[in-house]
Amino acid sequence: MSKPRVEVAVKNACSTIGEGPHWDQDSSTLLYVDLKGLDVHRYNTLTGQDQVRHLKDTVSLVVPRRAGGYVVGLGRRLALLDWETGLVSTIQEVERDTGNRFNDGKCDPKGRLWAGTMGFEMGPGRFEPAAGGLYTLDVDGSIRQKVDKVHISNGLTWSLDNRTFFFIDSIPRKIYAYDFDLESGAISRQRTVTEFPTGTEETYGLPDGMTIDTEGKLWVACYGAGAVFKFDPETGKTLQKIEIPAKQTTSVCWGGRNLDELYVTTARVNMSEEEIRREQPLAGSVFKVLGTGSRGCPAYVYEG
């Protein structure tokens, strides 16, 4: 098989942390956020136009809502964004009176939104430990906590048979699996699929955003490694590495007409402008990987 080809989709798209890519199949549009830039992006791959909505808090995720608009993670809130007017209305708020914020999220096949939080940032790359949680926003607007004592809640996806839920906590550098009940949304029997041992920080960095392909393999953006890795969840073994020309790789999703293009978001934080200019001029860009030999499934939307 020929080597995958990495292209720049949107150059220097994000001034801070690009995150939360979601492919909208109906409009051939890539949704993503600039987390600390407080921006939601809507990139039309047919026209090349990248529209932006500027909000008033950290924005960590964006998912279309079936009834219209988008659900966004806004600080500690999950909120509804009306794209045309820019109006934001809160659905739920969690972990009040903390410095926590939402960090990643996506919808399951029933249209529930799963979104996780993380602790207060005490300094560059230093966070309050075990302060976050993982939540579900049900289609009736109710919210419940699924996991507690999370360090940095990150990538999440579901197996093709909807019987397993995969979830990343970045600080212990682990990908977890849970038994998943699609009807109730219940999870149980946590176990570790892949963990990166001490000494592999340079190679693997911190596991961040994640997606799954049609063969059930996991694709993980590894922050600090400048790479996306493909893992076998059965064995935990690394199957493939795709190098990205931006060290702070944050998240991934499948897109394109045939869902065989891998979109990758990146960040540009805790680096001087000189470092960026000299060493990582493409930091903060959105990349597109072609020719992986794999493809994904359509992303789910919020049904509430």
# chains A, B, ... in the order shown; residues from 1 in each chain; ligands from 1
>>> select_by_dssp(residues="range 32-267 of chain A", states="alpha helix (DSSP H)", output="PyMOL selection string")
chain A and resi 201-204
>>> write_last_selection(atoms="N, CA, C and O atoms", output="PDB file, in the first residue's frame")
ATOM      1  N   GLU A 201       6.999   8.883  26.107  1.00  0.00           N
ATOM      2  CA  GLU A 201       6.401  10.207  25.924  1.00  0.00           C
ATOM      3  C   GLU A 201       6.825  10.857  24.609  1.00  0.00           C
ATOM      4  O   GLU A 201       6.022  11.494  23.928  1.00  0.00           O
ATOM      5  N   GLU A 202       8.085  10.686  24.262  1.00  0.00           N
ATOM      6  CA  GLU A 202       8.599  11.301  23.028  1.00  0.00           C
ATOM      7  C   GLU A 202       7.942  10.682  21.799  1.00  0.00           C
ATOM      8  O   GLU A 202       7.640  11.371  20.825  1.00  0.00           O
ATOM      9  N   THR A 203       7.687   9.388  21.856  1.00  0.00           N
ATOM     10  CA  THR A 203       7.111   8.677  20.712  1.00  0.00           C
ATOM     11  C   THR A 203       5.616   8.891  20.596  1.00  0.00           C
ATOM     12  O   THR A 203       5.098   9.182  19.515  1.00  0.00           O
ATOM     13  N   TYR A 204       4.908   8.731  21.728  1.00  0.00           N
ATOM     14  CA  TYR A 204       3.454   8.728  21.698  1.00  0.00           C
ATOM     15  C   TYR A 204       2.795   9.989  22.275  1.00  0.00           C
ATOM     16  O   TYR A 204       1.592  10.189  22.077  1.00  0.00           O
TER      17      TYR A 204
END
>>> closest_atom_pairs(of="range 234-260 of chain A", to="range 292-298 of chain A", cutoff="12 Å", atoms="only C-alpha atoms", output="tab-separated table")
residue	atom	partner	partner_atom	distance
A:Leu239	CA	A:Thr292	CA	11.8
A:Gln240	CA	A:Thr292	CA	9.4
A:Lys241	CA	A:Thr292	CA	10.3
A:Ile242	CA	A:Thr292	CA	8.9
A:Val252	CA	A:Gly296	CA	10.9
A:Cys253	CA	A:Gly296	CA	8.0
A:Trp254	CA	A:Gly296	CA	5.3
A:Gly255	CA	A:Gly296	CA	7.7
A:Gly256	CA	A:Arg295	CA	9.6
A:Arg257	CA	A:Pro298	CA	10.4
A:Asn258	CA	A:Arg295	CA	7.4
A:Leu259	CA	A:Arg295	CA	5.4
A:Asp260	CA	A:Arg295	CA	4.1
>>> residues_around(residues="range 205-207 of chain A", least_positions_apart="6", cutoff="6 Å", atoms="only C-alpha atoms", output="PyMOL selection string")
chain A and resi 170+173+222-225
>>> residues_around(residues="Glu234 in chain A", least_positions_apart="5", cutoff="12 Å", atoms="only C-alpha atoms", output="MDAnalysis selection string")
chainID A and resid 159 164 166 175:177 191:194 215:218 239
>>> select_by_dssp(residues="range 33-280 of chain A", states="strand (DSSP E or B)", output="ChimeraX atom specification")
/A:33-34,39-44,50-54,59-65,70-74,77-81,88-93,101-107,113-118,121-123,126-127,132-137,143-150,152-158,164-169,174-180,187-195,206-212,218-223,227-231,238-243,248-255,261-267
>>> write_last_selection(atoms="C-alpha atoms", output="CSV table (one decimal), in the first residue's frame")
chain,number,residue,atom,x,y,z
A,33,VAL,CA,-13.3,24.7,17.3
A,34,ASP,CA,-10.4,27.0,18.4
A,39,ASP,CA,-14.2,30.3,18.0
A,40,VAL,CA,-16.4,27.8,16.3
A,41,HIS,CA,-15.4,27.1,12.7
A,42,ARG,CA,-17.5,25.8,9.8
A,43,TYR,CA,-15.3,24.9,6.8
A,44,ASN,CA,-17.1,24.2,3.5
A,50,ASP,CA,-14.1,28.8,6.5
A,51,GLN,CA,-16.9,30.7,8.5
A,52,VAL,CA,-16.3,31.6,12.2
A,53,ARG,CA,-18.5,32.3,15.1
A,54,HIS,CA,-16.8,34.0,18.1
A,59,VAL,CA,-15.4,26.3,23.3
A,60,SER,CA,-14.4,22.6,23.3
A,61,LEU,CA,-16.9,20.8,21.0
A,62,VAL,CA,-19.4,21.4,18.3
A,63,VAL,CA,-22.1,18.9,17.2
A,64,PRO,CA,-25.1,19.5,14.9
A,65,ARG,CA,-28.5,19.3,16.4
A,70,TYR,CA,-25.3,23.2,17.1
A,71,VAL,CA,-24.6,22.0,20.6
A,72,VAL,CA,-21.3,23.4,21.9
A,73,GLY,CA,-19.2,22.9,25.0
A,74,LEU,CA,-18.8,26.4,26.5
A,77,ARG,CA,-21.9,24.6,30.0
A,78,LEU,CA,-23.4,22.6,27.2
A,79,ALA,CA,-25.3,25.1,25.1
A,80,LEU,CA,-27.2,25.6,21.9
A,81,LEU,CA,-25.7,27.9,19.3
A,88,VAL,CA,-26.3,31.0,22.7
A,89,SER,CA,-28.7,29.4,25.2
A,90,THR,CA,-27.5,27.1,28.0
A,91,ILE,CA,-28.9,23.6,28.2
A,92,GLN,CA,-27.0,22.4,31.2
A,93,GLU,CA,-24.1,23.4,33.5
A,101,ARG,CA,-14.3,23.1,31.7
A,102,PHE,CA,-15.6,20.7,29.1
A,103,ASN,CA,-12.9,19.3,26.8
A,104,ASP,CA,-14.2,16.9,24.3
A,105,GLY,CA,-17.5,15.2,23.2
A,106,LYS,CA,-19.5,13.6,20.6
A,107,CYS,CA,-22.9,11.8,20.1
A,113,LEU,CA,-24.2,13.7,23.7
A,114,TRP,CA,-21.2,12.4,25.7
A,115,ALA,CA,-18.9,15.1,26.9
A,116,GLY,CA,-16.1,15.2,29.5
A,117,THR,CA,-14.5,17.8,31.7
A,118,MET,CA,-11.1,18.5,33.0
A,121,GLU,CA,-5.1,24.7,34.3
A,122,MET,CA,-2.6,25.7,37.0
A,123,GLY,CA,0.2,26.5,34.5
A,126,ARG,CA,-0.3,21.4,34.5
A,127,PHE,CA,-3.9,20.6,35.5
A,132,GLY,CA,-13.1,16.1,35.8
A,133,GLY,CA,-15.9,13.8,34.9
A,134,LEU,CA,-17.7,12.3,31.9
A,135,TYR,CA,-21.3,13.1,31.3
A,136,THR,CA,-24.2,12.3,29.0
A,137,LEU,CA,-26.7,14.9,27.8
A,143,ILE,CA,-27.6,15.3,32.2
A,144,ARG,CA,-25.9,12.6,34.3
A,145,GLN,CA,-22.4,11.7,35.3
A,146,LYS,CA,-21.0,8.4,34.0
A,147,VAL,CA,-17.3,8.5,35.2
A,148,ASP,CA,-15.7,10.6,37.9
A,149,LYS,CA,-12.1,11.4,38.9
A,150,VAL,CA,-11.1,12.0,35.3
A,152,ILE,CA,-8.2,15.1,31.2
A,153,SER,CA,-11.3,13.8,29.5
A,154,ASN,CA,-10.6,13.3,25.8
A,155,GLY,CA,-11.3,11.0,22.8
A,156,LEU,CA,-14.4,8.8,22.7
A,157,THR,CA,-16.0,6.5,20.2
A,158,TRP,CA,-18.1,3.3,20.0
A,164,THR,CA,-18.2,-1.2,23.5
A,165,PHE,CA,-17.5,2.4,24.4
A,166,PHE,CA,-13.9,3.6,24.1
A,167,PHE,CA,-12.7,6.6,26.2
A,168,ILE,CA,-9.3,8.3,26.6
A,169,ASP,CA,-8.0,9.9,29.8
A,174,LYS,CA,-4.7,5.2,28.6
A,175,ILE,CA,-7.5,4.2,26.2
A,176,TYR,CA,-10.2,2.5,28.2
A,177,ALA,CA,-13.0,0.3,27.0
A,178,TYR,CA,-16.4,-0.2,28.7
A,179,ASP,CA,-19.3,-2.5,28.0
A,180,PHE,CA,-22.0,-0.3,26.5
A,187,ILE,CA,-21.5,1.6,30.8
A,188,SER,CA,-19.7,-1.0,32.9
A,189,ARG,CA,-16.6,-3.1,33.3
A,190,GLN,CA,-13.9,-0.6,32.7
A,191,ARG,CA,-10.7,-2.1,31.3
A,192,THR,CA,-7.6,-0.8,29.6
A,193,VAL,CA,-7.2,-1.3,25.8
A,194,THR,CA,-3.9,0.5,25.4
A,195,GLU,CA,-1.6,2.3,27.8
A,206,LEU,CA,-0.5,12.2,25.2
A,207,PRO,CA,-3.4,10.4,23.6
A,208,ASP,CA,-6.0,13.0,22.7
A,209,GLY,CA,-8.9,12.8,20.2
A,210,MET,CA,-10.1,9.5,18.7
A,211,THR,CA,-12.2,8.0,16.0
A,212,ILE,CA,-12.9,4.5,14.7
A,218,LEU,CA,-9.0,3.1,16.6
A,219,TRP,CA,-7.3,6.2,15.3
A,220,VAL,CA,-5.8,8.5,17.9
A,221,ALA,CA,-4.2,11.9,17.7
A,222,CYS,CA,-1.3,12.0,20.1
A,223,TYR,CA,-0.5,15.5,21.5
A,227,ALA,CA,1.3,12.0,14.8
A,228,VAL,CA,-1.9,10.0,14.5
A,229,PHE,CA,-1.7,6.3,15.5
A,230,LYS,CA,-3.9,3.4,14.5
A,231,PHE,CA,-4.4,0.9,17.2
A,238,THR,CA,0.1,-0.1,17.2
A,239,LEU,CA,-0.8,-0.8,13.5
A,240,GLN,CA,0.2,2.4,11.8
A,241,LYS,CA,1.7,5.9,12.4
A,242,ILE,CA,1.0,8.9,10.3
A,243,GLU,CA,3.3,11.9,11.0
A,248,GLN,CA,0.5,19.3,19.0
A,249,THR,CA,-1.9,17.0,17.2
A,250,THR,CA,-5.3,17.1,19.0
A,251,SER,CA,-8.1,15.2,17.3
A,252,VAL,CA,-9.3,13.3,14.2
A,253,CYS,CA,-12.4,12.5,12.3
A,254,TRP,CA,-13.3,10.9,9.0
A,255,GLY,CA,-14.7,13.0,6.2
A,261,GLU,CA,-10.3,11.3,4.3
A,262,LEU,CA,-8.9,11.7,7.8
A,263,TYR,CA,-9.1,15.3,9.1
A,264,VAL,CA,-6.7,16.2,11.9
A,265,THR,CA,-6.8,19.3,14.1
A,266,THR,CA,-3.7,20.8,15.8
A,267,ALA,CA,-2.7,23.4,18.4
>>> atom_distance(atom1="CA of Gly20 in chain A", atom2="CA of Leu35 in chain A")
8.9 Å
